[in-house]
$ cat entry-v5.pdb   # PDB, C-alpha atoms and all ligand atoms
MODEL        1
ATOM      1  CA  MET A   1     -11.107 -14.893  -3.896
ATOM      2  CA  ARG A   2      -8.679 -12.047  -3.246
ATOM      3  CA  ARG A   3      -5.079 -13.093  -2.631
ATOM      4  CA  PRO A   4      -3.535 -11.298   0.338
ATOM      5  CA  LEU A   5      -0.745  -8.837  -0.453
ATOM      6  CA  VAL A   6       1.760  -8.213   2.323
ATOM      7  CA  ALA A   7       3.988  -5.269   1.470
ATOM      8  CA  GLY A   8       6.929  -3.696   3.247
ATOM      9  CA  ASN A   9       7.210   0.069   2.990
ATOM     10  CA  TRP A  10      10.805   0.612   4.016
ATOM     11  CA  LYS A  11      10.338   4.412   3.919
ATOM     12  CA  MET A  12      13.643   6.405   4.206
ATOM     13  CA  ASN A  13      15.546   3.687   6.065
ATOM     14  CA  LEU A  14      18.546   1.359   5.638
ATOM     15  CA  ASP A  15      21.725   1.677   3.620
ATOM     16  CA  ARG A  16      22.611  -0.266   0.488
ATOM     17  CA  ALA A  17      24.113  -3.252   2.334
ATOM     18  CA  GLY A  18      21.231  -3.388   4.807
ATOM     19  CA  ALA A  19      18.627  -3.180   2.053
ATOM     20  CA  VAL A  20      20.246  -5.993   0.075
ATOM     21  CA  ALA A  21      20.609  -8.179   3.187
ATOM     22  CA  LEU A  22      16.958  -7.650   4.136
ATOM     23  CA  ALA A  23      15.784  -8.437   0.601
ATOM     24  CA  ARG A  24      17.867 -11.614   0.533
ATOM     25  CA  ALA A  25      16.563 -12.770   3.912
ATOM     26  CA  ILE A  26      12.949 -12.278   2.794
ATOM     27  CA  ALA A  27      13.506 -13.864  -0.622
ATOM     28  CA  GLU A  28      15.108 -16.955   0.904
ATOM     29  CA  ARG A  29      12.002 -17.798   2.897
ATOM     30  CA  ALA A  30       9.289 -16.540   0.570
ATOM     31  CA  GLY A  31       8.911 -19.967  -1.016
ATOM     32  CA  SER A  32       7.269 -21.271   2.160
ATOM     33  CA  LEU A  33       4.430 -18.746   1.797
ATOM     34  CA  PRO A  34       2.819 -19.663  -1.538
ATOM     35  CA  ASP A  35      -0.630 -18.227  -0.830
ATOM     36  CA  VAL A  36       0.473 -14.680  -0.065
ATOM     37  CA  ASP A  37       1.792 -12.106  -2.527
ATOM     38  CA  LEU A  38       4.918 -10.474  -1.097
ATOM     39  CA  LEU A  39       6.264  -7.053  -1.983
ATOM     40  CA  VAL A  40       9.048  -4.813  -0.738
ATOM     41  CA  CYS A  41       9.294  -1.087  -1.438
ATOM     42  CA  PRO A  42      12.823   0.214  -0.754
ATOM     43  CA  PRO A  43      14.022   3.799  -1.203
ATOM     44  CA  HIS A  44      14.422   4.699  -4.893
ATOM     45  CA  VAL A  45      18.224   4.699  -4.728
ATOM     46  CA  TYR A  46      18.271   1.050  -3.628
ATOM     47  CA  LEU A  47      15.641  -0.268  -6.053
ATOM     48  CA  ASP A  48      18.229  -1.593  -8.485
ATOM     49  CA  ALA A  49      20.303  -3.397  -5.846
ATOM     50  CA  VAL A  50      17.228  -4.813  -4.113
ATOM     51  CA  GLY A  51      15.745  -5.901  -7.442
ATOM     52  CA  GLN A  52      18.916  -7.886  -8.137
ATOM     53  CA  ALA A  53      18.798  -9.458  -4.672
ATOM     54  CA  LEU A  54      15.187 -10.534  -5.302
ATOM     55  CA  ALA A  55      15.858 -11.969  -8.776
ATOM     56  CA  GLY A  56      14.314 -15.401  -9.228
ATOM     57  CA  SER A  57      12.271 -15.151  -6.012
ATOM     58  CA  ARG A  58       8.536 -14.595  -5.692
ATOM     59  CA  VAL A  59       8.984 -11.303  -3.846
ATOM     60  CA  ALA A  60       7.905  -8.354  -5.985
ATOM     61  CA  LEU A  61       9.595  -4.960  -6.122
ATOM     62  CA  GLY A  62       7.783  -1.663  -5.680
ATOM     63  CA  ALA A  63       8.577   2.014  -5.276
ATOM     64  CA  GLN A  64       7.318   4.464  -2.663
ATOM     65  CA  ASN A  65       6.406   7.259  -5.057
ATOM     66  CA  MET A  66       6.727   8.429  -8.668
ATOM     67  CA  TYR A  67       6.050  11.463 -10.838
ATOM     68  CA  HIS A  68       3.227  11.501 -13.359
ATOM     69  CA  GLU A  69       5.098  12.908 -16.364
ATOM     70  CA  ALA A  70       6.850  10.493 -18.727
ATOM     71  CA  SER A  71      10.160  12.392 -18.954
ATOM     72  CA  GLY A  72      11.611  15.885 -19.134
ATOM     73  CA  ALA A  73      12.775  18.750 -16.952
ATOM     74  CA  PHE A  74      11.481  17.579 -13.563
ATOM     75  CA  THR A  75      14.538  17.710 -11.338
ATOM     76  CA  GLY A  76      14.676  15.008  -8.711
ATOM     77  CA  GLU A  77      11.619  13.120  -9.939
ATOM     78  CA  THR A  78      11.250   9.542 -11.196
ATOM     79  CA  SER A  79       8.890   8.337 -13.933
ATOM     80  CA  ALA A  80       6.828   5.157 -14.136
ATOM     81  CA  ALA A  81       8.965   3.948 -17.049
ATOM     82  CA  MET A  82      12.111   4.314 -14.953
ATOM     83  CA  LEU A  83      10.544   2.227 -12.182
ATOM     84  CA  LEU A  84       9.510  -0.440 -14.685
ATOM     85  CA  ASP A  85      13.030  -0.394 -16.100
ATOM     86  CA  LEU A  86      14.318  -1.418 -12.642
ATOM     87  CA  GLY A  87      11.803  -4.237 -12.356
ATOM     88  CA  CYS A  88       9.139  -2.544 -10.245
ATOM     89  CA  ARG A  89       5.605  -3.890 -10.504
ATOM     90  CA  TYR A  90       3.993  -1.724  -7.834
ATOM     91  CA  VAL A  91       4.166   1.879  -6.669
ATOM     92  CA  ILE A  92       2.796   3.293  -3.416
ATOM     93  CA  LEU A  93       0.910   6.523  -4.105
ATOM     94  CA  GLY A  94      -0.648   9.062  -1.739
ATOM     95  CA  HIS A  95       0.977   7.718   1.408
ATOM     96  CA  SER A  96      -0.043   9.835   4.393
ATOM     97  CA  GLU A  97       3.539  10.993   4.901
ATOM     98  CA  ARG A  98       3.526  12.397   1.388
ATOM     99  CA  ARG A  99       0.108  13.953   1.893
ATOM    100  CA  HIS A 100       0.843  15.475   5.309
ATOM    101  CA  ILE A 101       4.603  16.174   5.279
ATOM    102  CA  LEU A 102       5.122  16.903   1.575
ATOM    103  CA  GLY A 103       1.749  18.434   0.779
ATOM    104  CA  GLU A 104       0.428  15.987  -1.806
ATOM    105  CA  THR A 105      -3.207  16.589  -2.644
ATOM    106  CA  ASP A 106      -5.831  14.156  -3.927
ATOM    107  CA  GLN A 107      -5.447  15.794  -7.333
ATOM    108  CA  MET A 108      -1.685  15.182  -7.376
ATOM    109  CA  VAL A 109      -2.260  11.569  -6.335
ATOM    110  CA  GLU A 110      -4.883  11.114  -9.029
ATOM    111  CA  VAL A 111      -2.630  12.061 -11.947
ATOM    112  CA  LYS A 112       0.018   9.701 -10.610
ATOM    113  CA  VAL A 113      -2.490   6.837 -10.346
ATOM    114  CA  VAL A 114      -3.562   7.388 -13.958
ATOM    115  CA  ALA A 115       0.059   7.524 -15.145
ATOM    116  CA  ALA A 116       1.039   4.400 -13.182
ATOM    117  CA  LEU A 117      -1.842   2.399 -14.650
ATOM    118  CA  ALA A 118      -1.111   3.638 -18.162
ATOM    119  CA  ALA A 119       2.487   2.465 -17.791
ATOM    120  CA  GLY A 120       1.515  -0.943 -16.442
ATOM    121  CA  LEU A 121       2.412  -0.446 -12.777
ATOM    122  CA  THR A 122      -0.003  -1.430 -10.013
ATOM    123  CA  PRO A 123      -0.622   1.590  -7.789
ATOM    124  CA  ILE A 124      -1.178   1.061  -4.069
ATOM    125  CA  VAL A 125      -3.346   4.057  -3.265
ATOM    126  CA  CYS A 126      -3.304   5.066   0.399
ATOM    127  CA  VAL A 127      -6.133   6.727   2.301
ATOM    128  CA  GLY A 128      -6.713   7.346   5.977
ATOM    129  CA  GLU A 129      -7.985   9.825   8.523
ATOM    130  CA  LEU A 130      -6.199  11.925  11.161
ATOM    131  CA  LEU A 131      -6.922  11.296  14.839
ATOM    132  CA  SER A 132      -8.820  14.596  15.048
ATOM    133  CA  GLU A 133     -10.977  13.551  12.097
ATOM    134  CA  ARG A 134     -11.789  10.187  13.710
ATOM    135  CA  GLN A 135     -12.607  11.894  17.004
ATOM    136  CA  ALA A 136     -14.937  14.272  15.168
ATOM    137  CA  GLY A 137     -16.777  11.312  13.610
ATOM    138  CA  GLN A 138     -15.501  12.286  10.152
ATOM    139  CA  THR A 139     -13.699   9.060   9.149
ATOM    140  CA  ALA A 140     -16.221   7.941   6.534
ATOM    141  CA  ASN A 141     -16.381  11.427   4.983
ATOM    142  CA  VAL A 142     -12.598  11.767   4.825
ATOM    143  CA  ILE A 143     -12.211   8.358   3.189
ATOM    144  CA  ARG A 144     -14.931   9.171   0.666
ATOM    145  CA  ARG A 145     -13.323  12.492  -0.225
ATOM    146  CA  GLN A 146      -9.904  10.868  -0.663
ATOM    147  CA  ILE A 147     -11.313   8.075  -2.840
ATOM    148  CA  GLU A 148     -13.358  10.458  -4.975
ATOM    149  CA  GLY A 149     -10.354  12.728  -5.478
ATOM    150  CA  SER A 150      -7.547  10.200  -5.804
ATOM    151  CA  LEU A 151      -9.443   7.923  -8.197
ATOM    152  CA  ALA A 152     -11.365  10.640 -10.061
ATOM    153  CA  GLY A 153     -10.351   9.673 -13.596
ATOM    154  CA  LEU A 154     -10.578   5.916 -13.228
ATOM    155  CA  THR A 155     -13.022   3.515 -14.863
ATOM    156  CA  ALA A 156     -14.398   0.413 -13.124
ATOM    157  CA  ALA A 157     -11.884  -1.678 -15.089
ATOM    158  CA  ASP A 158      -9.055   0.563 -13.818
ATOM    159  CA  VAL A 159     -10.239   0.176 -10.220
ATOM    160  CA  GLU A 160      -9.923  -3.607 -10.471
ATOM    161  CA  ARG A 161      -6.232  -3.113 -11.274
ATOM    162  CA  ILE A 162      -5.321  -1.012  -8.253
ATOM    163  CA  VAL A 163      -4.670  -1.901  -4.628
ATOM    164  CA  LEU A 164      -6.047   0.305  -1.858
ATOM    165  CA  ALA A 165      -4.403   0.723   1.521
ATOM    166  CA  TYR A 166      -6.348   1.985   4.515
ATOM    167  CA  GLU A 167      -3.817   3.586   6.811
ATOM    168  CA  PRO A 168      -5.312   5.585   9.684
ATOM    169  CA  VAL A 169      -2.749   8.329  10.284
ATOM    170  CA  TRP A 170      -3.015   7.949  14.072
ATOM    171  CA  ALA A 171      -1.927   4.300  13.781
ATOM    172  CA  ILE A 172       1.173   4.883  11.633
ATOM    173  CA  GLY A 173       4.393   4.468  13.569
ATOM    174  CA  THR A 174       2.614   4.965  16.896
ATOM    175  CA  GLY A 175       2.133   1.379  18.080
ATOM    176  CA  GLN A 176      -1.555   2.281  18.368
ATOM    177  CA  VAL A 177      -3.034  -0.227  15.928
ATOM    178  CA  ALA A 178      -6.666   0.023  14.809
ATOM    179  CA  THR A 179      -8.821  -2.720  16.283
ATOM    180  CA  PRO A 180      -9.857  -5.384  13.794
ATOM    181  CA  GLN A 181     -13.412  -4.032  14.070
ATOM    182  CA  GLN A 182     -12.362  -0.417  13.398
ATOM    183  CA  ALA A 183     -10.323  -1.483  10.376
ATOM    184  CA  GLU A 184     -12.949  -3.860   8.997
ATOM    185  CA  GLN A 185     -15.609  -1.152   9.232
ATOM    186  CA  VAL A 186     -13.562   1.257   7.095
ATOM    187  CA  HIS A 187     -12.679  -1.483   4.603
ATOM    188  CA  LEU A 188     -16.397  -2.206   4.254
ATOM    189  CA  ASP A 189     -17.085   1.538   3.842
ATOM    190  CA  LEU A 190     -14.445   1.643   1.088
ATOM    191  CA  ARG A 191     -16.100  -1.229  -0.768
ATOM    192  CA  THR A 192     -19.480   0.467  -0.444
ATOM    193  CA  ILE A 193     -18.078   3.698  -1.891
ATOM    194  CA  LEU A 194     -16.496   1.766  -4.786
ATOM    195  CA  ALA A 195     -19.719  -0.169  -5.447
ATOM    196  CA  GLN A 196     -21.643   3.122  -5.607
ATOM    197  CA  ARG A 197     -19.127   4.929  -7.809
ATOM    198  CA  TYR A 198     -18.214   1.992 -10.062
ATOM    199  CA  ASN A 199     -19.909  -1.398  -9.663
ATOM    200  CA  ALA A 200     -20.154  -4.391  -7.350
ATOM    201  CA  GLN A 201     -17.618  -6.403  -9.339
ATOM    202  CA  ALA A 202     -14.902  -3.764  -9.036
ATOM    203  CA  ALA A 203     -15.695  -3.254  -5.342
ATOM    204  CA  GLY A 204     -15.480  -6.982  -4.741
ATOM    205  CA  ARG A 205     -12.250  -7.529  -6.644
ATOM    206  CA  VAL A 206     -10.060  -4.686  -5.397
ATOM    207  CA  ARG A 207      -7.591  -5.689  -2.708
ATOM    208  CA  ILE A 208      -7.645  -3.446   0.358
ATOM    209  CA  GLN A 209      -4.650  -3.604   2.688
ATOM    210  CA  TYR A 210      -4.576  -2.334   6.247
ATOM    211  CA  GLY A 211      -1.545  -0.347   7.405
ATOM    212  CA  GLY A 212      -0.597   1.208  10.729
ATOM    213  CA  SER A 213       1.472  -0.512  13.464
ATOM    214  CA  VAL A 214       0.984  -4.001  12.037
ATOM    215  CA  LYS A 215       3.193  -6.500  13.881
ATOM    216  CA  PRO A 216       3.339 -10.316  13.904
ATOM    217  CA  ALA A 217       1.407 -10.297  17.193
ATOM    218  CA  ASN A 218      -1.593  -8.327  15.888
ATOM    219  CA  ALA A 219      -1.579  -9.347  12.215
ATOM    220  CA  GLY A 220      -3.604 -12.538  12.618
ATOM    221  CA  GLU A 221      -6.789 -10.975  13.898
ATOM    222  CA  LEU A 222      -6.602  -8.049  11.462
ATOM    223  CA  LEU A 223      -6.022 -10.311   8.474
ATOM    224  CA  ALA A 224      -8.814 -12.656   9.546
ATOM    225  CA  GLN A 225     -11.335  -9.898   8.818
ATOM    226  CA  PRO A 226     -13.239 -10.653   5.614
ATOM    227  CA  ASP A 227     -12.471  -7.319   3.893
ATOM    228  CA  ILE A 228      -8.809  -6.977   4.910
ATOM    229  CA  ASP A 229      -6.694  -8.375   2.082
ATOM    230  CA  GLY A 230      -3.187  -7.941   3.384
ATOM    231  CA  ALA A 231      -0.999  -5.423   5.139
ATOM    232  CA  LEU A 232       1.149  -2.420   4.272
ATOM    233  CA  VAL A 233       3.876  -2.633   6.883
ATOM    234  CA  GLY A 234       6.290   0.114   7.928
ATOM    235  CA  GLY A 235       8.511  -0.436  10.974
ATOM    236  CA  ALA A 236       8.037  -4.194  11.219
ATOM    237  CA  SER A 237       9.010  -4.643   7.561
ATOM    238  CA  LEU A 238      12.604  -3.667   8.387
ATOM    239  CA  LYS A 239      13.179  -6.978  10.164
ATOM    240  CA  ALA A 240      12.880 -10.076   7.974
ATOM    241  CA  GLU A 241      11.623 -12.123  10.910
ATOM    242  CA  ASP A 242       8.777  -9.714  11.670
ATOM    243  CA  PHE A 243       7.818  -9.155   8.039
ATOM    244  CA  LEU A 244       7.734 -12.899   7.370
ATOM    245  CA  GLY A 245       5.791 -13.411  10.597
ATOM    246  CA  ILE A 246       3.099 -11.052   9.296
ATOM    247  CA  ALA A 247       3.079 -12.859   5.949
ATOM    248  CA  ALA A 248       2.767 -16.187   7.781
ATOM    249  CA  ALA A 249      -0.231 -14.794   9.675
ATOM    250  CA  ALA A 250      -1.827 -13.859   6.332
ATOM    251  CA  GLU A 251      -1.213 -17.363   5.050
ATOM    252  CA  ALA A 252      -2.596 -18.971   8.228
ATOM    253  CA  VAL A 253      -5.980 -17.225   8.125
ATOM    254  CA  ARG A 254      -6.744 -18.115   4.518
TER     255      ARG A 254
HETATM  256  P1  LIG A 301       4.078   1.422  10.595
HETATM  257  O1  LIG A 301       3.866  -0.050  10.295
HETATM  258  O2  LIG A 301       5.480   1.727  11.012
HETATM  259  O3  LIG A 301       3.038   1.945  11.541
HETATM  260  O4  LIG A 301       3.889   2.202   9.203
HETATM  261  C1  LIG A 301       2.758   1.934   8.429
HETATM  262  C2  LIG A 301       2.915   2.586   7.119
HETATM  263  O5  LIG A 301       2.925   3.787   6.994
HETATM  264  C3  LIG A 301       3.084   1.707   5.936
HETATM  265  O6  LIG A 301       2.963   2.417   4.762
ENDMDL
END

$ encode --input "entry-v5.pdb" --output "structure tokens"
Amino acid sequence: MRRPLVAGNWKMNLDRAGAVALARAIAERAGSLPDVDLLVCPPHVYLDAVGQALAGSRVALGAQNMYHEASGAFTGETSAAMLLDLGCRYVILGHSERRHILGETDQMVEVKVVAALAAGLTPIVCVGELLSERQAGQTANVIRRQIEGSLAGLTAADVERIVLAYEPVWAIGTGQVATPQQAEQVHLDLRTILAQRYNAQAAGRVRIQYGGSVKPANAGELLAQPDIDGALVGGASLKAEDFLGIAAAAEAVR
């Protein structure tokens, strides 16, 4: 049985006081959601403060990105060890905003995934198609290419230790959520690709989150799908009430 993981990707939002207040509000009520793993991913500069606000709670801390090298002359970058030092357990890698705005390639994502695993962080590896790719009937091909590239160096045992996030680019920040059927189909496709490349056990064990305009009102029917194991939440994760409402929906459908 895969435990749902509901994660907030705060992106480049909030200030220090707002980040700490949001973390506290989520941590206070996390105890009432024992069957869902909860995670927040603040901006790097607030990781330390948010980590302190979460101390003693069951809400995990994650980062939104990292660099693959261990240390050295890489101005502006952050290593896996630094994230671990601040208490991070997860790191989002290959988010569509990094792929499409900052030019990250599958190859760049892949070296980060390998480095995160080697350091003991759980990578949340994001994949997803553009609207034009969906309209051209290319969704399955795009997902396959991203998986093959982003996970190129991984073994089946490695794959069991990652989390995948399916985030259709056209659904991110647009209010245009994928239907439960659209999302479930891609999650099934992802498991099929993993079963072919690795084995059935790895494909069955890996948690696959859905992301893209998830709100409390639509979370229930998405999370009720058999292959959707949680949500990666952007906008709605900035309000404790909404984020906890999504987590409650994950708990309710178990
Ligand atoms: P929204 O929930 O704002 O659509 O963002 C989704 C996302 O990109 C999470 O990583």

$ resolve_selection --input "entry-v5.pdb" --expression "the PyMOL selection byres (((not hetatm)) within 8 of (chain A and resi 301))" --output "number ranges by chain"
A: 8-9, 11, 95-97, 167, 169, 171-175, 177, 211-215, 232-237

$ resolve_selection --input "entry-v5.pdb" --expression "the PyMOL selection byres (((chain A and resi 162) around 12) and not hetatm)" --output "PyMOL selection string"
chain A and resi 5+89-93+113-114+116-118+120-126+150-151+154-161+163-165+202-203+205-209

$ write_last_selection --input "entry-v5.pdb" --atoms "C-alpha atoms" --output "CSV table (one decimal), in the coordinates of the input"
chain,number,residue,atom,x,y,z
A,5,LEU,CA,-0.7,-8.8,-0.5
A,89,ARG,CA,5.6,-3.9,-10.5
A,90,TYR,CA,4.0,-1.7,-7.8
A,91,VAL,CA,4.2,1.9,-6.7
A,92,ILE,CA,2.8,3.3,-3.4
A,93,LEU,CA,0.9,6.5,-4.1
A,113,VAL,CA,-2.5,6.8,-10.3
A,114,VAL,CA,-3.6,7.4,-14.0
A,116,ALA,CA,1.0,4.4,-13.2
A,117,LEU,CA,-1.8,2.4,-14.6
A,118,ALA,CA,-1.1,3.6,-18.2
A,120,GLY,CA,1.5,-0.9,-16.4
A,121,LEU,CA,2.4,-0.4,-12.8
A,122,THR,CA,0.0,-1.4,-10.0
A,123,PRO,CA,-0.6,1.6,-7.8
A,124,ILE,CA,-1.2,1.1,-4.1
A,125,VAL,CA,-3.3,4.1,-3.3
A,126,CYS,CA,-3.3,5.1,0.4
A,150,SER,CA,-7.5,10.2,-5.8
A,151,LEU,CA,-9.4,7.9,-8.2
A,154,LEU,CA,-10.6,5.9,-13.2
A,155,THR,CA,-13.0,3.5,-14.9
A,156,ALA,CA,-14.4,0.4,-13.1
A,157,ALA,CA,-11.9,-1.7,-15.1
A,158,ASP,CA,-9.1,0.6,-13.8
A,159,VAL,CA,-10.2,0.2,-10.2
A,160,GLU,CA,-9.9,-3.6,-10.5
A,161,ARG,CA,-6.2,-3.1,-11.3
A,163,VAL,CA,-4.7,-1.9,-4.6
A,164,LEU,CA,-6.0,0.3,-1.9
A,165,ALA,CA,-4.4,0.7,1.5
A,202,ALA,CA,-14.9,-3.8,-9.0
A,203,ALA,CA,-15.7,-3.3,-5.3
A,205,ARG,CA,-12.2,-7.5,-6.6
A,206,VAL,CA,-10.1,-4.7,-5.4
A,207,ARG,CA,-7.6,-5.7,-2.7
A,208,ILE,CA,-7.6,-3.4,0.4
A,209,GLN,CA,-4.6,-3.6,2.7

$ closest_residue --input "entry-v5.pdb" --among "A:Thr78, A:Gln185, A:Gln146, A:Gln135" --to "A:Gln107" --atoms "all atoms listed in the file"
A:Gln146

$ residues_around --input "entry-v5.pdb" --residues "A:Arg197" --least-positions-apart "2" --cutoff "10 Å" --atoms "all atoms listed in the file" --output "list in words"
Ile147, Glu148, Ala152, Thr155, Ala156, Arg191, Thr192, Ile193, Leu194, Ala195, Asn199, Ala200, Ala202 and Ala203 of chain A

$ residues_around --input "entry-v5.pdb" --residues "A:Ala80" --least-positions-apart "5" --cutoff "9 Å" --atoms "all atoms listed in the file" --output "PyMOL selection string"
chain A and resi 66-70+85+88+91+112+115-116+119-121

$ closest_residue --input "entry-v5.pdb" --among "A:Tyr166, A:Ile228, A:Ala21, A:Ala252" --to "A:Gly128" --atoms "all atoms listed in the file"
A:Tyr166

$ resolve_selection --input "entry-v5.pdb" --expression "the PyMOL selection byres (((chain A and resi 186) around 10) and not hetatm)" --output "JSON, numbers by chain"
{"A": [128, 139, 140, 143, 166, 168, 181, 182, 183, 184, 185, 187, 188, 189, 190, 191, 192, 210, 227, 228]}

$ closest_residue --input "entry-v5.pdb" --among "A:Asn65, A:Pro4, A:Gly153, A:Glu104" --to "A:Ala224" --atoms "only C-alpha atoms"
A:Pro4

$ atom_distance --input "entry-v5.pdb" --atom1 "atom CA of A:Glu251" --atom2 "atom CA of A:Asp37"
9.7 Å

$ atom_distance --input "entry-v5.pdb" --atom1 "atom CA of A:Arg3" --atom2 "atom CA of A:Gly230"
8.1 Å

$ axis_aligned_box --input "entry-v5.pdb" --around "stretch 213-217 of chain A" --padding-each-side "5 Å" --output "AutoDock Vina command-line options"
--center_x 2.2 --center_y -5.4 --center_z 14.6 --size_x 12.4 --size_y 19.8 --size_z 15.2

$ atom_distance --input "entry-v5.pdb" --atom1 "atom CA of A:Ala23" --atom2 "atom CA of A:Val50"
6.1 Å

$ residues_around --input "entry-v5.pdb" --residues "A:Tyr46" --least-positions-apart "5" --cutoff "12 Å" --atoms "only C-alpha atoms" --output "JSON, numbers by chain"
{"A": [10, 11, 12, 13, 14, 15, 16, 17, 18, 19, 20, 21, 22, 23, 40, 41, 51, 52, 53, 61, 62, 63, 64, 83, 86, 88]}

$ residues_near_point --input "entry-v5.pdb" --point "(14.5, -14.4, 1.6)" --cutoff "12 Å" --atoms "only C-alpha atoms" --output "PDB file with C-alpha atoms, in the coordinates of the input"
ATOM      1  CA  ALA A  19      18.627  -3.180   2.053  1.00  0.00           C
ATOM      2  CA  VAL A  20      20.246  -5.993   0.075  1.00  0.00           C
ATOM      3  CA  ALA A  21      20.609  -8.179   3.187  1.00  0.00           C
ATOM      4  CA  LEU A  22      16.958  -7.650   4.136  1.00  0.00           C
ATOM      5  CA  ALA A  23      15.784  -8.437   0.601  1.00  0.00           C
ATOM      6  CA  ARG A  24      17.867 -11.614   0.533  1.00  0.00           C
ATOM      7  CA  ALA A  25      16.563 -12.770   3.912  1.00  0.00           C
ATOM      8  CA  ILE A  26      12.949 -12.278   2.794  1.00  0.00           C
ATOM      9  CA  ALA A  27      13.506 -13.864  -0.622  1.00  0.00           C
ATOM     10  CA  GLU A  28      15.108 -16.955   0.904  1.00  0.00           C
ATOM     11  CA  ARG A  29      12.002 -17.798   2.897  1.00  0.00           C
ATOM     12  CA  ALA A  30       9.289 -16.540   0.570  1.00  0.00           C
ATOM     13  CA  GLY A  31       8.911 -19.967  -1.016  1.00  0.00           C
ATOM     14  CA  SER A  32       7.269 -21.271   2.160  1.00  0.00           C
ATOM     15  CA  LEU A  33       4.430 -18.746   1.797  1.00  0.00           C
ATOM     16  CA  LEU A  38       4.918 -10.474  -1.097  1.00  0.00           C
ATOM     17  CA  LEU A  39       6.264  -7.053  -1.983  1.00  0.00           C
ATOM     18  CA  VAL A  40       9.048  -4.813  -0.738  1.00  0.00           C
ATOM     19  CA  VAL A  50      17.228  -4.813  -4.113  1.00  0.00           C
ATOM     20  CA  ALA A  53      18.798  -9.458  -4.672  1.00  0.00           C
ATOM     21  CA  LEU A  54      15.187 -10.534  -5.302  1.00  0.00           C
ATOM     22  CA  ALA A  55      15.858 -11.969  -8.776  1.00  0.00           C
ATOM     23  CA  GLY A  56      14.314 -15.401  -9.228  1.00  0.00           C
ATOM     24  CA  SER A  57      12.271 -15.151  -6.012  1.00  0.00           C
ATOM     25  CA  ARG A  58       8.536 -14.595  -5.692  1.00  0.00           C
ATOM     26  CA  VAL A  59       8.984 -11.303  -3.846  1.00  0.00           C
ATOM     27  CA  ALA A  60       7.905  -8.354  -5.985  1.00  0.00           C
ATOM     28  CA  LYS A 239      13.179  -6.978  10.164  1.00  0.00           C
ATOM     29  CA  ALA A 240      12.880 -10.076   7.974  1.00  0.00           C
ATOM     30  CA  GLU A 241      11.623 -12.123  10.910  1.00  0.00           C
ATOM     31  CA  PHE A 243       7.818  -9.155   8.039  1.00  0.00           C
ATOM     32  CA  LEU A 244       7.734 -12.899   7.370  1.00  0.00           C
TER      33      LEU A 244
END

$ closest_residue --input "entry-v5.pdb" --among "A:Leu84, A:Leu131, A:Ala49, A:Arg2" --to "A:Gln176" --atoms "only C-alpha atoms"
A:Leu131

$ closest_residue --input "entry-v5.pdb" --among "A:Leu130, A:Ala249, A:Leu238, A:Val36" --to "A:His100" --atoms "only C-alpha atoms"
A:Leu130

$ closest_residue --input "entry-v5.pdb" --among "A:His44, A:Arg98, A:Gly220, A:Pro226" --to "A:Val253" --atoms "only C-alpha atoms"
A:Gly220

$ decode --input "entry-v5.pdb" --residues "stretch 181-212 of chain A" --atoms "C-alpha atoms" --output "mmCIF file, in the first residue's frame"
data_model
loop_
_atom_site.group_PDB
_atom_site.id
_atom_site.type_symbol
_atom_site.label_atom_id
_atom_site.label_comp_id
_atom_site.auth_asym_id
_atom_site.auth_seq_id
_atom_site.Cartn_x
_atom_site.Cartn_y
_atom_site.Cartn_z
ATOM 1 C CA GLN A 181 -9.400 10.179 -15.941
ATOM 2 C CA GLN A 182 -6.717 12.165 -17.807
ATOM 3 C CA ALA A 183 -4.433 12.092 -14.773
ATOM 4 C CA GLU A 184 -5.041 8.429 -13.960
ATOM 5 C CA GLN A 185 -4.256 7.442 -17.547
ATOM 6 C CA VAL A 186 -0.835 9.128 -17.425
ATOM 7 C CA HIS A 187 -0.093 7.687 -13.979
ATOM 8 C CA LEU A 188 -0.857 4.236 -15.385
ATOM 9 C CA ASP A 189 1.369 4.976 -18.410
ATOM 10 C CA LEU A 190 4.168 5.968 -16.013
ATOM 11 C CA ARG A 191 3.862 2.691 -14.115
ATOM 12 C CA THR A 192 3.902 0.759 -17.382
ATOM 13 C CA ILE A 193 7.079 2.545 -18.484
ATOM 14 C CA LEU A 194 8.713 1.815 -15.105
ATOM 15 C CA ALA A 195 7.643 -1.847 -15.216
ATOM 16 C CA GLN A 196 9.198 -2.179 -18.684
ATOM 17 C CA ARG A 197 12.433 -0.378 -17.827
ATOM 18 C CA TYR A 198 12.878 -1.769 -14.305
ATOM 19 C CA ASN A 199 10.427 -4.309 -12.867
ATOM 20 C CA ALA A 200 6.869 -4.688 -11.614
ATOM 21 C CA GLN A 201 7.883 -4.284 -7.975
ATOM 22 C CA ALA A 202 9.534 -0.910 -8.541
ATOM 23 C CA ALA A 203 6.620 0.245 -10.711
ATOM 24 C CA GLY A 204 4.162 -0.791 -8.029
ATOM 25 C CA ARG A 205 6.014 0.790 -5.127
ATOM 26 C CA VAL A 206 6.903 4.226 -6.483
ATOM 27 C CA ARG A 207 4.588 6.994 -5.340
ATOM 28 C CA ILE A 208 3.253 9.161 -8.162
ATOM 29 C CA GLN A 209 1.782 12.534 -7.225
ATOM 30 C CA TYR A 210 -0.459 14.633 -9.430
ATOM 31 C CA GLY A 211 0.193 18.375 -9.645
ATOM 32 C CA GLY A 212 -1.544 21.194 -11.490
#
